[in-house]
Every structure is written in C-alpha cells, then in structure tokens.
file run05.txt (compact mmCIF, C-alpha atoms)
# COMPACT_ATOMS: atom_id res chain seq x y z
CA MET A 18 73.77 248.95 -24.22
CA SER A 19 74.49 252.15 -22.32
CA VAL A 20 74.82 252.07 -18.56
CA LEU A 21 73.20 254.51 -16.18
CA ARG A 22 75.31 256.17 -13.56
CA PRO A 23 74.11 255.86 -9.94
CA GLY A 24 72.79 259.42 -9.95
CA HIS A 25 70.67 258.66 -12.98
CA LEU A 26 69.53 255.36 -11.53
CA CYS A 27 67.99 257.20 -8.60
CA SER A 28 65.56 258.83 -11.00
CA LEU A 29 64.20 255.57 -12.37
CA ALA A 30 60.97 253.87 -11.37
CA ALA A 31 59.39 250.50 -11.99
CA ALA A 32 57.34 249.47 -14.99
CA LEU A 33 55.50 246.26 -15.93
CA THR A 34 55.94 245.08 -19.44
CA LEU A 35 55.61 242.10 -21.76
CA THR A 36 57.51 241.91 -25.06
CA PHE A 37 57.72 240.10 -28.37
CA THR A 38 57.31 242.45 -31.22
CA LEU A 39 54.41 241.72 -33.49
CA GLY A 40 52.77 244.53 -35.35
CA GLY A 41 49.37 244.97 -33.71
CA THR A 42 47.21 247.67 -35.23
CA ALA A 43 45.12 250.13 -33.29
CA THR A 44 41.72 250.94 -34.66
CA ALA A 45 40.76 254.42 -33.60
CA ALA A 46 37.18 255.53 -33.46
CA GLY A 47 36.40 259.21 -33.43
CA THR A 48 37.24 260.62 -30.01
CA ASP A 49 36.22 263.95 -28.56
CA SER A 50 39.35 266.06 -28.39
CA ALA A 51 37.77 268.71 -26.17
CA ARG A 52 39.56 269.00 -22.86
CA THR A 53 37.67 268.71 -19.61
CA SER A 54 38.73 271.11 -16.88
CA ALA A 55 39.81 269.75 -13.49
CA ALA A 56 36.71 271.34 -11.96
CA ASP A 57 34.54 269.08 -14.10
CA LEU A 58 36.26 265.89 -12.93
CA ARG A 59 35.83 263.66 -9.90
CA GLU A 60 38.60 261.44 -8.53
CA VAL A 61 37.53 257.80 -8.22
CA MET A 62 38.93 254.29 -8.01
CA PHE A 63 38.47 251.75 -10.78
CA VAL A 64 38.26 248.14 -9.59
CA GLY A 65 38.77 245.52 -12.29
CA ASN A 66 36.60 242.44 -11.79
CA ASN A 67 38.63 239.99 -13.82
CA TRP A 68 36.26 237.05 -14.05
CA ASP A 69 33.03 238.88 -14.90
CA GLY A 70 34.47 241.50 -17.25
CA THR A 71 33.38 244.63 -15.41
CA ALA A 72 35.02 247.56 -13.66
CA ASP A 73 33.35 248.99 -10.58
CA VAL A 74 33.89 252.70 -9.99
CA ILE A 75 34.00 253.66 -6.32
CA ARG A 76 34.79 256.75 -4.30
CA SER A 77 38.52 257.27 -3.80
CA THR A 78 38.30 258.19 -0.11
CA GLY A 79 35.99 257.99 2.90
CA ASP A 80 33.39 255.24 2.60
CA PHE A 81 34.56 254.12 -0.88
CA ALA A 82 30.92 253.78 -1.89
CA LYS A 83 30.11 252.46 -5.35
CA ILE A 84 29.35 255.11 -8.00
CA GLY A 85 28.84 253.05 -11.15
CA ARG A 86 29.89 250.04 -13.19
CA VAL A 87 31.36 249.64 -16.68
CA ASP A 88 31.05 246.59 -18.92
CA VAL A 89 34.57 246.20 -20.34
CA ILE A 90 33.66 243.40 -22.76
CA PRO A 91 30.77 244.90 -24.77
CA ASP A 92 32.23 243.17 -27.84
CA LYS A 93 32.39 239.74 -26.19
CA ALA A 94 30.39 237.93 -28.88
CA GLU A 95 32.55 239.38 -31.65
CA ARG A 96 35.80 238.51 -29.86
CA LEU A 97 34.71 234.95 -29.09
CA ALA A 98 33.67 234.40 -32.69
CA ALA A 99 37.13 235.51 -33.88
CA ILE A 100 38.85 233.24 -31.34
CA ASN A 101 36.70 230.24 -32.27
CA ALA A 102 37.61 230.75 -35.93
CA ASP A 103 41.36 230.60 -35.21
CA PRO A 104 42.56 227.23 -33.81
CA ILE A 105 45.81 228.65 -32.38
CA ARG A 106 44.09 231.54 -30.64
CA TRP A 107 41.45 229.15 -29.30
CA ILE A 108 44.19 226.96 -27.78
CA TYR A 109 45.74 229.97 -26.04
CA PHE A 110 42.32 231.22 -24.91
CA MET A 111 41.61 227.86 -23.27
CA ALA A 112 45.11 227.70 -21.80
CA ILE A 113 44.57 231.08 -20.13
CA ARG A 114 41.21 229.91 -18.77
CA ASN A 115 42.60 226.67 -17.35
CA GLY A 116 45.96 228.09 -16.24
CA VAL A 117 46.35 231.62 -14.88
CA GLY A 118 42.55 232.06 -14.92
CA GLU A 119 42.00 229.21 -12.44
CA GLY A 120 39.16 227.91 -14.61
CA HIS A 121 37.84 231.36 -15.53
CA ASP A 122 38.30 233.71 -18.46
CA GLN A 123 40.44 236.78 -17.71
CA PHE A 124 38.49 239.73 -19.00
CA VAL A 125 40.15 242.66 -17.22
CA ASP A 126 43.62 242.84 -15.80
CA ASP A 127 44.40 246.54 -15.61
CA MET A 128 42.77 249.89 -16.35
CA TYR A 129 43.44 253.64 -16.38
CA SER A 130 41.18 256.58 -17.17
CA THR A 131 42.12 259.16 -19.78
CA PRO A 132 43.16 262.64 -18.56
CA ASP A 133 39.78 264.11 -19.57
CA GLY A 134 37.85 261.49 -17.58
CA ARG A 135 35.81 260.53 -20.64
CA SER A 136 37.22 257.03 -21.22
CA VAL A 137 38.84 254.10 -19.46
CA VAL A 138 41.59 252.05 -21.10
CA VAL A 139 41.55 248.34 -20.20
CA SER A 140 43.88 245.39 -20.82
CA ARG A 141 41.94 242.17 -21.46
CA PRO A 142 44.17 239.06 -21.10
CA SER A 143 41.83 236.47 -22.63
CA PHE A 144 41.20 238.70 -25.65
CA ALA A 145 44.92 239.63 -26.01
CA ASP A 146 44.15 243.30 -26.42
CA VAL A 147 43.77 246.78 -24.96
CA VAL A 148 40.57 248.77 -25.49
CA SER A 149 39.39 252.27 -24.75
CA ILE A 150 35.79 252.43 -23.56
CA ASP A 151 33.73 255.61 -23.64
CA LEU A 152 32.41 256.16 -20.11
CA SER A 153 29.26 257.93 -21.32
CA SER A 154 28.06 255.39 -23.87
CA GLY A 155 29.92 252.23 -22.84
CA ARG A 156 31.07 251.80 -26.45
CA ILE A 157 34.60 251.00 -27.60
CA ASN A 158 36.63 253.96 -28.91
CA TRP A 159 39.60 251.93 -30.13
CA ARG A 160 41.12 248.46 -29.83
CA PHE A 161 44.79 247.47 -29.95
CA PRO A 162 45.64 243.74 -30.33
CA VAL A 163 48.89 243.04 -28.51
CA ALA A 164 51.67 240.84 -29.84
CA GLY A 165 51.14 237.20 -28.98
CA TYR A 166 48.13 235.85 -27.12
CA ARG A 167 47.77 237.62 -23.76
CA SER A 168 47.82 241.18 -22.41
CA ASP A 169 48.66 241.88 -18.76
CA HIS A 170 49.70 244.68 -16.38
CA MET A 171 49.82 248.28 -17.58
CA ALA A 172 51.30 251.57 -16.41
CA VAL A 173 50.36 255.12 -17.29
CA SER A 174 52.84 257.97 -17.76
CA PRO A 175 52.82 260.77 -15.16
CA ASP A 176 51.13 263.14 -17.61
CA GLY A 177 48.46 260.54 -18.38
CA THR A 178 49.05 260.54 -22.14
CA ARG A 179 50.82 257.20 -22.65
CA VAL A 180 50.02 253.70 -21.45
CA ALA A 181 52.46 250.78 -21.38
CA VAL A 182 51.06 247.25 -21.57
CA SER A 183 52.81 243.91 -21.17
CA ALA A 184 52.24 241.31 -23.88
CA SER A 185 53.10 238.31 -21.75
CA THR A 186 53.43 235.55 -24.33
CA ALA A 187 55.43 237.77 -26.71
CA ASN A 188 58.00 239.09 -24.21
CA THR A 189 57.14 242.61 -25.35
CA VAL A 190 55.80 245.84 -23.92
CA HIS A 191 53.76 248.15 -26.13
CA VAL A 192 53.52 251.88 -25.39
CA LEU A 193 50.34 253.47 -26.73
CA ASP A 194 48.85 256.93 -27.07
CA ILE A 195 46.07 256.72 -24.48
CA THR A 196 43.67 258.84 -26.56
CA THR A 197 44.03 257.24 -29.98
CA GLY A 198 45.46 253.77 -29.24
CA ARG A 199 48.28 254.41 -31.70
CA GLN A 200 51.48 252.54 -30.86
CA LEU A 201 54.30 254.96 -30.03
CA GLY A 202 56.87 252.22 -29.63
CA SER A 203 57.64 248.87 -28.05
CA PHE A 204 60.53 247.07 -26.40
CA ALA A 205 61.66 243.53 -25.61
CA THR A 206 61.70 242.15 -22.08
CA GLY A 207 62.56 238.95 -20.28
CA ASP A 208 60.16 236.01 -20.23
CA LYS A 209 56.55 236.87 -19.37
CA PRO A 210 56.63 240.64 -18.73
CA HIS A 211 54.40 241.58 -15.80
CA GLU A 212 54.66 244.83 -13.79
CA ASN A 213 55.43 248.15 -15.51
CA ILE A 214 56.35 251.41 -13.79
CA PHE A 215 57.05 254.85 -15.21
CA THR A 216 59.49 256.98 -13.26
CA ARG A 217 57.90 260.09 -11.81
CA ASP A 218 59.58 262.32 -14.41
CA GLY A 219 58.22 260.10 -17.19
CA LYS A 220 61.68 259.48 -18.65
CA TYR A 221 62.05 255.77 -17.96
CA ILE A 222 59.96 252.61 -17.80
CA TRP A 223 60.88 249.67 -15.56
CA ASN A 224 59.48 246.28 -16.55
CA MET A 225 59.58 243.15 -14.42
CA ALA A 226 59.52 239.80 -16.24
CA ILE A 227 58.33 236.98 -13.97
CA GLY A 228 58.95 233.92 -16.14
CA ASP A 229 56.77 230.82 -16.27
CA VAL A 230 54.50 230.82 -13.23
CA ASN A 231 52.15 228.06 -14.40
CA THR A 232 54.43 225.06 -14.25
CA ALA A 233 54.54 222.64 -11.31
CA LEU A 234 58.36 222.81 -11.18
CA ASP A 235 58.23 224.89 -8.01
CA ASP A 236 60.98 223.38 -5.84
CA PRO A 237 63.85 225.85 -5.29
CA TRP A 238 66.35 223.60 -7.09
CA LEU A 239 64.14 223.79 -10.20
CA ASP A 240 63.95 227.58 -10.17
CA TRP A 241 66.20 227.78 -13.23
CA THR A 242 63.40 226.24 -15.34
CA LYS A 243 61.20 229.30 -14.89
CA GLY A 244 62.88 231.31 -17.66
CA ASP A 245 64.68 234.61 -18.11
CA ARG A 246 63.46 236.77 -15.24
CA ARG A 247 64.86 240.27 -15.06
CA ILE A 248 64.08 243.94 -14.74
CA THR A 249 64.40 245.83 -18.02
CA VAL A 250 64.76 249.61 -17.86
CA VAL A 251 64.16 251.59 -21.06
CA ASP A 252 64.13 255.19 -22.18
CA ALA A 253 60.43 256.08 -22.37
CA THR A 254 60.95 258.22 -25.49
CA THR A 255 63.28 256.11 -27.63
CA PHE A 256 62.36 252.75 -26.02
CA ARG A 257 66.04 251.81 -26.03
CA GLN A 258 67.28 249.59 -23.22
CA VAL A 259 69.42 251.45 -20.68
CA LYS A 260 69.73 248.90 -17.88
CA VAL A 261 69.07 245.25 -17.06
CA ILE A 262 68.91 244.09 -13.45
CA ASP A 263 69.11 240.37 -12.72
CA MET A 264 68.02 239.86 -9.11
CA ARG A 265 69.47 236.33 -9.17
CA GLU A 266 72.96 237.81 -8.81
CA ARG A 267 71.86 240.22 -6.06
CA LEU A 268 70.04 237.49 -4.12
CA ASP A 269 72.98 235.11 -4.36
CA ALA A 270 75.32 237.85 -3.12
CA ILE A 271 73.49 237.93 0.24
CA GLY A 272 73.09 234.19 0.57
CA LEU A 273 69.49 233.89 -0.65
CA LYS A 274 70.20 231.24 -3.27
CA ASP A 275 66.87 229.46 -2.64
CA TYR A 276 64.79 232.60 -3.22
CA SER A 277 63.06 233.12 -6.55
CA ASP A 278 64.33 236.02 -8.66
CA ALA A 279 60.90 236.65 -10.22
CA VAL A 280 60.10 240.22 -9.21
CA ARG A 281 56.35 240.60 -8.72
CA PRO A 282 54.56 243.83 -7.61
CA ALA A 283 56.98 246.59 -6.64
CA VAL A 284 56.91 250.18 -5.40
CA PHE A 285 59.49 252.95 -5.26
CA SER A 286 60.16 255.25 -2.34
CA PRO A 287 59.06 258.86 -2.99
CA ASP A 288 62.61 259.89 -3.99
CA GLU A 289 63.00 256.71 -6.08
CA SER A 290 66.20 255.76 -4.27
CA LYS A 291 64.75 252.47 -2.98
CA LEU A 292 62.66 249.77 -4.62
CA TYR A 293 60.52 247.48 -2.47
CA PHE A 294 59.47 244.30 -4.24
CA GLN A 295 57.91 240.88 -3.78
CA VAL A 296 59.20 237.67 -5.36
CA SER A 297 57.52 234.37 -6.15
CA PHE A 298 56.90 231.97 -3.24
CA PHE A 299 58.09 234.41 -0.53
CA ASN A 300 55.98 235.66 2.38
CA GLY A 301 57.54 239.09 2.62
CA PHE A 302 59.44 241.63 0.52
CA LEU A 303 62.93 242.97 -0.18
CA GLU A 304 64.49 246.42 -0.28
CA TYR A 305 66.78 247.31 -3.19
CA ASP A 306 69.05 250.36 -3.17
CA VAL A 307 69.07 251.80 -6.70
CA ALA A 308 72.34 253.76 -6.47
CA SER A 309 74.45 250.94 -4.99
CA ASP A 310 72.63 248.28 -7.06
CA ARG A 311 72.19 245.85 -4.17
CA ILE A 312 69.55 244.35 -1.92
CA THR A 313 69.84 246.07 1.45
CA ARG A 314 67.09 244.54 3.61
CA VAL A 315 64.80 241.51 3.62
CA LYS A 316 61.51 241.42 5.51
CA THR A 317 59.87 238.08 6.26
CA LEU A 318 56.21 238.37 7.19
CA PRO A 319 54.19 235.85 9.22
CA LYS A 320 52.90 232.67 7.66
CA ASN A 321 49.30 231.63 8.03
CA PRO A 322 49.41 228.15 9.62
CA ALA A 323 46.35 227.22 7.54
CA THR A 324 48.21 227.87 4.26
CA SER A 325 49.33 224.69 2.52
CA ALA A 326 53.08 224.14 2.38
CA ASP A 327 52.65 222.69 -1.12
CA ARG A 328 53.95 225.47 -3.37
CA THR A 329 52.14 224.03 -6.39
CA THR A 330 48.85 225.05 -4.75
CA TRP A 331 49.80 228.73 -4.61
CA VAL A 332 48.18 230.79 -7.34
CA ASN A 333 50.59 231.54 -10.18
CA ASP A 334 53.65 231.06 -7.92
CA SER A 335 52.50 233.90 -5.68
CA ARG A 336 52.63 233.84 -1.93
CA HIS A 337 52.33 237.58 -1.39
CA HIS A 338 51.15 239.72 -4.32
CA GLY A 339 50.46 243.43 -3.84
CA ILE A 340 52.51 246.22 -2.26
CA SER A 341 52.02 249.98 -1.95
CA MET A 342 53.45 252.92 0.02
CA ASN A 343 51.84 255.97 1.59
CA PRO A 344 52.71 259.36 0.01
CA SER A 345 55.14 260.35 2.77
CA GLY A 346 57.07 257.10 2.33
CA THR A 347 56.82 256.07 5.98
CA LYS A 348 54.53 253.04 5.64
CA LEU A 349 54.24 250.08 3.30
CA CYS A 350 51.11 248.03 2.79
CA VAL A 351 51.45 244.37 1.83
CA ALA A 352 48.85 241.95 0.48
CA GLY A 353 49.59 238.50 1.89
CA THR A 354 47.71 236.72 -0.88
CA MET A 355 48.00 233.02 -0.01
CA ASP A 356 48.15 233.79 3.73
CA ASP A 357 44.80 235.61 3.68
CA TYR A 358 45.80 238.87 5.31
CA ALA A 359 47.05 242.37 4.60
CA THR A 360 49.28 244.42 6.88
CA VAL A 361 50.86 247.85 7.17
CA VAL A 362 54.64 247.83 7.74
CA ASP A 363 56.72 250.65 9.20
CA ARG A 364 59.32 251.44 6.55
CA ASP A 365 62.01 252.50 9.03
CA THR A 366 61.84 249.50 11.38
CA LEU A 367 60.12 247.01 9.02
CA GLN A 368 57.83 246.09 11.90
CA GLU A 369 54.44 244.89 10.68
CA GLY A 370 51.19 246.06 12.24
CA PRO A 371 48.02 244.04 12.85
CA LEU A 372 47.36 241.23 10.38
CA VAL A 373 44.04 242.26 8.85
CA THR A 374 42.11 239.19 7.71
CA ALA A 375 41.45 239.31 3.96
CA SER A 376 40.41 236.62 1.48
CA LYS A 377 43.13 236.13 -1.14
CA PRO A 378 44.08 239.83 -1.34
CA TYR A 379 45.50 240.38 -4.82
CA TRP A 380 46.56 244.01 -4.98
CA ALA A 381 47.30 246.99 -2.75
CA THR A 382 47.01 250.65 -3.68
CA VAL A 383 46.65 254.02 -1.93
CA SER A 384 43.46 256.03 -1.46
CA GLY A 385 43.10 259.43 -3.09
CA ASP A 386 43.84 261.27 0.16
CA GLY A 387 46.80 259.01 0.98
CA LYS A 388 45.34 257.93 4.32
CA ASP A 389 44.31 254.36 3.49
CA CYS A 390 45.70 251.28 1.83
CA VAL A 391 43.05 249.71 -0.39
CA VAL A 392 43.36 245.97 -1.08
CA SER A 393 41.32 243.87 -3.48
CA GLU A 394 39.99 240.72 -1.82
CA SER A 395 39.68 238.44 -4.83
CA GLY A 396 38.36 235.58 -2.68
CA ALA A 397 35.54 237.64 -1.16
CA ASP A 398 34.61 239.96 -4.08
CA GLN A 399 35.23 243.11 -2.12
CA VAL A 400 37.80 245.85 -1.58
CA THR A 401 38.94 246.74 1.91
CA ALA A 402 40.46 249.98 3.21
CA ILE A 403 43.11 249.80 5.95
CA ASP A 404 44.20 252.92 7.84
CA PHE A 405 47.92 253.57 7.29
CA ALA A 406 48.16 255.29 10.68
CA THR A 407 46.66 252.51 12.81
CA GLY A 408 46.97 249.46 10.58
CA GLN A 409 43.32 248.68 11.31
CA LYS A 410 40.57 247.87 8.85
CA ARG A 411 38.19 250.77 8.21
CA VAL A 412 35.62 249.55 5.68
CA SER A 413 34.89 246.91 3.04
CA VAL A 414 32.83 247.46 -0.13
CA ALA A 415 31.31 244.72 -2.30
CA VAL A 416 32.40 244.65 -5.95
CA GLY A 417 32.25 242.13 -8.83
CA ASP A 418 33.69 238.67 -9.41
CA HIS A 419 37.40 238.33 -8.56
CA PRO A 420 38.62 241.93 -8.18
CA GLN A 421 42.32 242.33 -8.97
CA ARG A 422 43.86 245.61 -10.04
CA VAL A 423 42.64 248.81 -8.34
CA ARG A 424 43.66 252.15 -9.86
CA LEU A 425 42.98 255.80 -9.10
CA GLY A 426 41.37 257.69 -11.96
CA HIS A 427 38.83 260.33 -12.90
CA VAL A 428 35.31 260.54 -14.29
CA GLU A 429 33.13 263.52 -15.11
CA VAL A 430 31.73 265.01 -11.94
CA ASN A 431 28.11 263.82 -12.37
CA TRP A 432 28.94 260.42 -13.89
CA THR A 433 27.08 257.39 -12.51
CA GLY A 434 27.61 254.88 -15.34
CA PRO A 435 27.24 254.51 -19.10
CA SER A 436 23.88 255.59 -20.45
CA ALA A 437 23.84 253.08 -23.29
CA GLY A 438 25.19 249.63 -24.03
call {"tool": "encode", "arguments": {"input": "run05.txt", "output": "structure tokens"}}
result
Amino acid sequence: MSVLRPGHLCSLAAALTLTFTLGGTATAAGTDSARTSAADLREVMFVGNNWDGTADVIRSTGDFAKIGRVDVIPDKAERLAAINADPIRWIYFMAIRNGVGEGHDQFVDDMYSTPDGRSVVVSRPSFADVVSIDLSSGRINWRFPVAGYRSDHMAVSPDGTRVAVSASTANTVHVLDITTGRQLGSFATGDKPHENIFTRDGKYIWNMAIGDVNTALDDPWLDWTKGDRRITVVDATTFRQVKVIDMRERLDAIGLKDYSDAVRPAVFSPDESKLYFQVSFFNGFLEYDVASDRITRVKTLPKNPATSADRTTWVNDSRHHGISMNPSGTKLCVAGTMDDYATVVDRDTLQEGPLVTASKPYWATVSGDGKDCVVSESGADQVTAIDFATGQKRVSVAVGDHPQRVRLGHVEVNWTGPSAG
C-alpha cells in the first residue's frame, strides 16, 4: 500500500462505498449518444422516496416547487418474481425490509442524473442493483446487479461520467460508466460501505464503512462488535488503495474512547483540507484535518429532551445523519435525525443557529444557488429549505413516502415527467 503525502492528502475528498467483489453484469439498452447542450437543460433536485419507489423532481432554488415524478421500480413485478424464486435472496430481501427498512422495502437510496439530462441512475437497496431510467419514457436503459444483496449510497464523478455505488453486504464499491452501466472497476472496503465521495479533481474516491448498524449491541463497551469501520481512499482510475484511515485511533488520541468510529455522512471544506463528519450515536459532528491526519475539533449539538435515551431505538445507530456546507465554506448544515431538528452552524465558531423543527430529517444538501440548506424530512414526507444566512426555515414542499437522499441534477428544459410507463 502506498502512502499519500500531506500535500496529496489535501486534494482528497470523501466517497461512500460498499465492497465484496462479485461479478455483476450490466445489461445495456440502446442509449441516445447525442449530447444535449447546457441551454437545453434545467437544474433540478431529485428527491428519492425510499419506501414508495419514486423520485420527485423539484426546482433547485426559490420555492422548490414540484416539477414531476419518476417511478424508479417499473420492473417491480419482474424483480419480485426473481427474488421469490431464490431462497437466499428472499431471506436478504426480508431482512432488509425488517431491519434497515423499518418494516418497509427500500426501493431508492440514491440517484444522479446523466450529464445530458436524459436519464437518472438509481441505487435500489431491496433489489440489490443500480438502474438507469429514461426520463422521457420511464423505461429502464440498463441494470447492474451489485455484489451481494444490497446497494446503498452512491457518488458521481465531477465530470458526471462515472458513478460509484456501495454494495453493503459485499464490502465492495463498484464504479460504473453512467451512460452504459458497464463496470469500470471495483474496490474492497471495510464492513458495510456507506458514503462515497469523489475529490473535486476526480482523482480519488473516499469510502466510509459504517459496520453493523442493525444489532442491539449499542452500549459503548460493545462498540468493537460492530465490525471493521474505516475510511478507504482509492485512486479513481486504477481503483488501488492509497490510504486507510481508522478513526478509532484518532478518537482515542483525544480521549473520546466511548465515541463510535463509524463515519456516517461527511463533507469536505471547499479546499478539501478539512473533513466534517458524523458518527453513530453522537448528536454533533467532528472536524478532521487531512494534512495532519488528526481530529481537530468536536461539536456537540443540543439534545431533544423528548428523544429516548435508549440507543437501540435510534434508527440504524444514527443520532444525527446528514451534513452539508455552503459553497463559500462558512456555514455547515446538520440534520439532527433522532432529535427532530436541523440547524445551521457557523464553521469558524461552531456556534449553532436556531433549531428548526423537522421530523426525522435524514439528509442535508445545498440548493442550486447555494443560498439554502435542503433537508429531507423522512418522518413528514417533505423537504424543507433553511436559509444559510439566517438559519431560519424558508419553505417546505410535500414529496413521497420517506424521502432520504436529495441530489442536484438536470432534466431537459421542458420536462414534466415521463410520457409513458
């Protein structure tokens, strides 16, 4: 394993991945290779409604009004028939429903549009695959079955041509051509790869493995039972490992021996010198200096007195799940999932702003104009925009059942939804 020098480390950014290499095959349907000019595209936000298998498309700024909706499981009957015919896959399907799915099937975890705005690529945990869906017809362009039995978080390269997807039960991350679904490579991770991040130059992928989040062994002294949790950094061209970061060592070094080392959502500063990340069970976040390879600050956010102290009741070991940063790097936005709020935090002072009431906020991203933090309220089936400048709520928009990931993307300028099933 080669080691990155501090100067090179500063150019890395975070990626979510799952690995265990198993040769999945992509089936490519004919795709239109004609390029769409930027003038023909409209920036939007895709909101993945995990439990009903749809993605709502909303405006990326202003009133965030709904533009259209995409069915991301048009092949549901076919997929269920295949699962029912395979006893092992059926067991995993039911385990996902009754475990991480909280009694529901997980039909959409993550999604990104293609550069031409003609398709959206979606990871579908319960179906253990990634599909590309044509936004005009609603039909599937290609399907890639991941290794193992569950797909999870994705990341798209800065040029929009490659998508990395975590295969959580296989400890593998696949990197696919976003247009054809062809696998370009894969790499191994720690246990249960989760978040993936491409660096802004597209040269590296950071993957965070979160370990087993579905067991009831949640007391701090049992943290070692959760598995091999680490950040894996790979070359995005060769997929060779260039760095492994074990936050257990960094947490212990500053006396945080009772903190989990499962890195959850994370975001880099604009210059990629700092990583801000959440960990399991913690109401707050930590700051990691990439060059010095150490945790430099810890921010504890308020607890909701109504939140149960029983850690086994917290969804998938989360307390806070969702963090983003405004383009200038001056403000962070944090989703306080189990505490039912979101808040904007000053990056310099780490002082939080108003606690904006939100029902199980699951993700935080940034609006197209950079002015708002947009959180998905999975408990209220809506997304809510919070002004980075004031920390106050601006608007909420109703979406589908259990919204989770929210991603910026593009559609053709006059698009309002698929014209056919």
call {"tool": "residues_around", "arguments": {"input": "run05.txt", "residues": "A:Leu193", "least_positions_apart": "4", "cutoff": "6 Å", "atoms": "only C-alpha atoms", "output": "list of chain:residue names"}}
result
A:Arg179, A:Val180, A:Gly198, A:Arg199, A:Gln200, A:Leu201
call {"tool": "closest_residue", "arguments": {"input": "run05.txt", "among": "A:Val280, A:Met171, A:Leu367, A:Val192", "to": "A:Phe204", "atoms": "all atoms listed in the file"}}
result
A:Val192
call {"tool": "closest_residue", "arguments": {"input": "run05.txt", "among": "A:Val284, A:Ile248, A:Val296, A:Val412", "to": "A:Lys260", "atoms": "all atoms listed in the file"}}
result
A:Ile248
call {"tool": "closest_residue", "arguments": {"input": "run05.txt", "among": "A:Phe298, A:Tyr358, A:Ile222, A:His211", "to": "A:Asp240", "atoms": "all atoms listed in the file"}}
result
A:Phe298
call {"tool": "residues_around", "arguments": {"input": "run05.txt", "residues": "stretch 337-347 of chain A", "least_positions_apart": "5", "cutoff": "9 Å", "atoms": "all atoms listed in the file", "output": "MDAnalysis selection string"}}
result
chainID A and resid 281:288 293:302 352:356 362:365 378:384 387:390 392 405
call {"tool": "closest_residue", "arguments": {"input": "run05.txt", "among": "A:Val87, A:Ala56, A:Val125, A:Val391", "to": "A:Pro435", "atoms": "only C-alpha atoms"}}
result
A:Val87
call {"tool": "residues_around", "arguments": {"input": "run05.txt", "residues": "A:Pro175", "least_positions_apart": "2", "cutoff": "12 Å", "atoms": "all atoms listed in the file", "output": "number ranges by chain"}}
result
A: 30, 129, 131-132, 172-173, 177-181, 214-222, 253
call {"tool": "write_last_selection", "arguments": {"input": "run05.txt", "atoms": "C-alpha atoms", "output": "short mmCIF file (atom, residue, chain, number, x, y, z; two decimals), keeping the file's coordinate frame"}}
result
data_model
loop_
_atom_site.label_atom_id
_atom_site.label_comp_id
_atom_site.auth_asym_id
_atom_site.auth_seq_id
_atom_site.Cartn_x
_atom_site.Cartn_y
_atom_site.Cartn_z
CA ALA A 30 60.97 253.87 -11.37
CA TYR A 129 43.44 253.64 -16.38
CA THR A 131 42.12 259.16 -19.78
CA PRO A 132 43.16 262.64 -18.56
CA ALA A 172 51.30 251.57 -16.41
CA VAL A 173 50.36 255.12 -17.29
CA GLY A 177 48.46 260.54 -18.38
CA THR A 178 49.05 260.54 -22.14
CA ARG A 179 50.82 257.20 -22.65
CA VAL A 180 50.02 253.70 -21.45
CA ALA A 181 52.46 250.78 -21.38
CA ILE A 214 56.35 251.41 -13.79
CA PHE A 215 57.05 254.85 -15.21
CA THR A 216 59.49 256.98 -13.26
CA ARG A 217 57.90 260.09 -11.81
CA ASP A 218 59.58 262.32 -14.41
CA GLY A 219 58.22 260.10 -17.19
CA LYS A 220 61.68 259.48 -18.65
CA TYR A 221 62.05 255.77 -17.96
CA ILE A 222 59.96 252.61 -17.80
CA ALA A 253 60.43 256.08 -22.37
#
call {"tool": "closest_residue", "arguments": {"input": "run05.txt", "among": "A:Val315, A:Leu425, A:Ala402, A:Ala375", "to": "A:Phe81", "atoms": "only C-alpha atoms"}}
result
A:Ala402
call {"tool": "atom_distance", "arguments": {"input": "run05.txt", "atom1": "atom CA of A:Ala82", "atom2": "atom CA of A:Glu429"}}
result
16.6 Å
call {"tool": "residues_around", "arguments": {"input": "run05.txt", "residues": "A:Ala279", "least_positions_apart": "6", "cutoff": "8 Å", "atoms": "only C-alpha atoms", "output": "ChimeraX atom specification"}}
result
/A:225-228,246-247,264,296-297
call {"tool": "write_last_selection", "arguments": {"input": "run05.txt", "atoms": "C-alpha atoms", "output": "mmCIF file, in the frame of the given file"}}
result
data_model
loop_
_atom_site.group_PDB
_atom_site.id
_atom_site.type_symbol
_atom_site.label_atom_id
_atom_site.label_comp_id
_atom_site.auth_asym_id
_atom_site.auth_seq_id
_atom_site.Cartn_x
_atom_site.Cartn_y
_atom_site.Cartn_z
ATOM 1 C CA MET A 225 59.580 243.150 -14.420
ATOM 2 C CA ALA A 226 59.520 239.800 -16.240
ATOM 3 C CA ILE A 227 58.330 236.980 -13.970
ATOM 4 C CA GLY A 228 58.950 233.920 -16.140
ATOM 5 C CA ARG A 246 63.460 236.770 -15.240
ATOM 6 C CA ARG A 247 64.860 240.270 -15.060
ATOM 7 C CA MET A 264 68.020 239.860 -9.110
ATOM 8 C CA VAL A 296 59.200 237.670 -5.360
ATOM 9 C CA SER A 297 57.520 234.370 -6.150
#
call {"tool": "residues_around", "arguments": {"input": "run05.txt", "residues": "A:Thr232", "least_positions_apart": "6", "cutoff": "12 Å", "atoms": "only C-alpha atoms", "output": "list in words"}}
result
Gly116, Val117, Leu239, Asp240, Thr242, Lys243, Gly244, Arg328, Thr329, Thr330, Trp331, Val332, Asn333 and Asp334 of chain A
call {"tool": "closest_residue", "arguments": {"input": "run05.txt", "among": "A:Leu273, A:Ala145, A:Val416, A:Ile75", "to": "A:Ala99", "atoms": "only C-alpha atoms"}}
result
A:Ala145
call {"tool": "atom_distance", "arguments": {"input": "run05.txt", "atom1": "atom CA of A:Pro162", "atom2": "atom CA of A:Val147"}}
result
6.4 Å
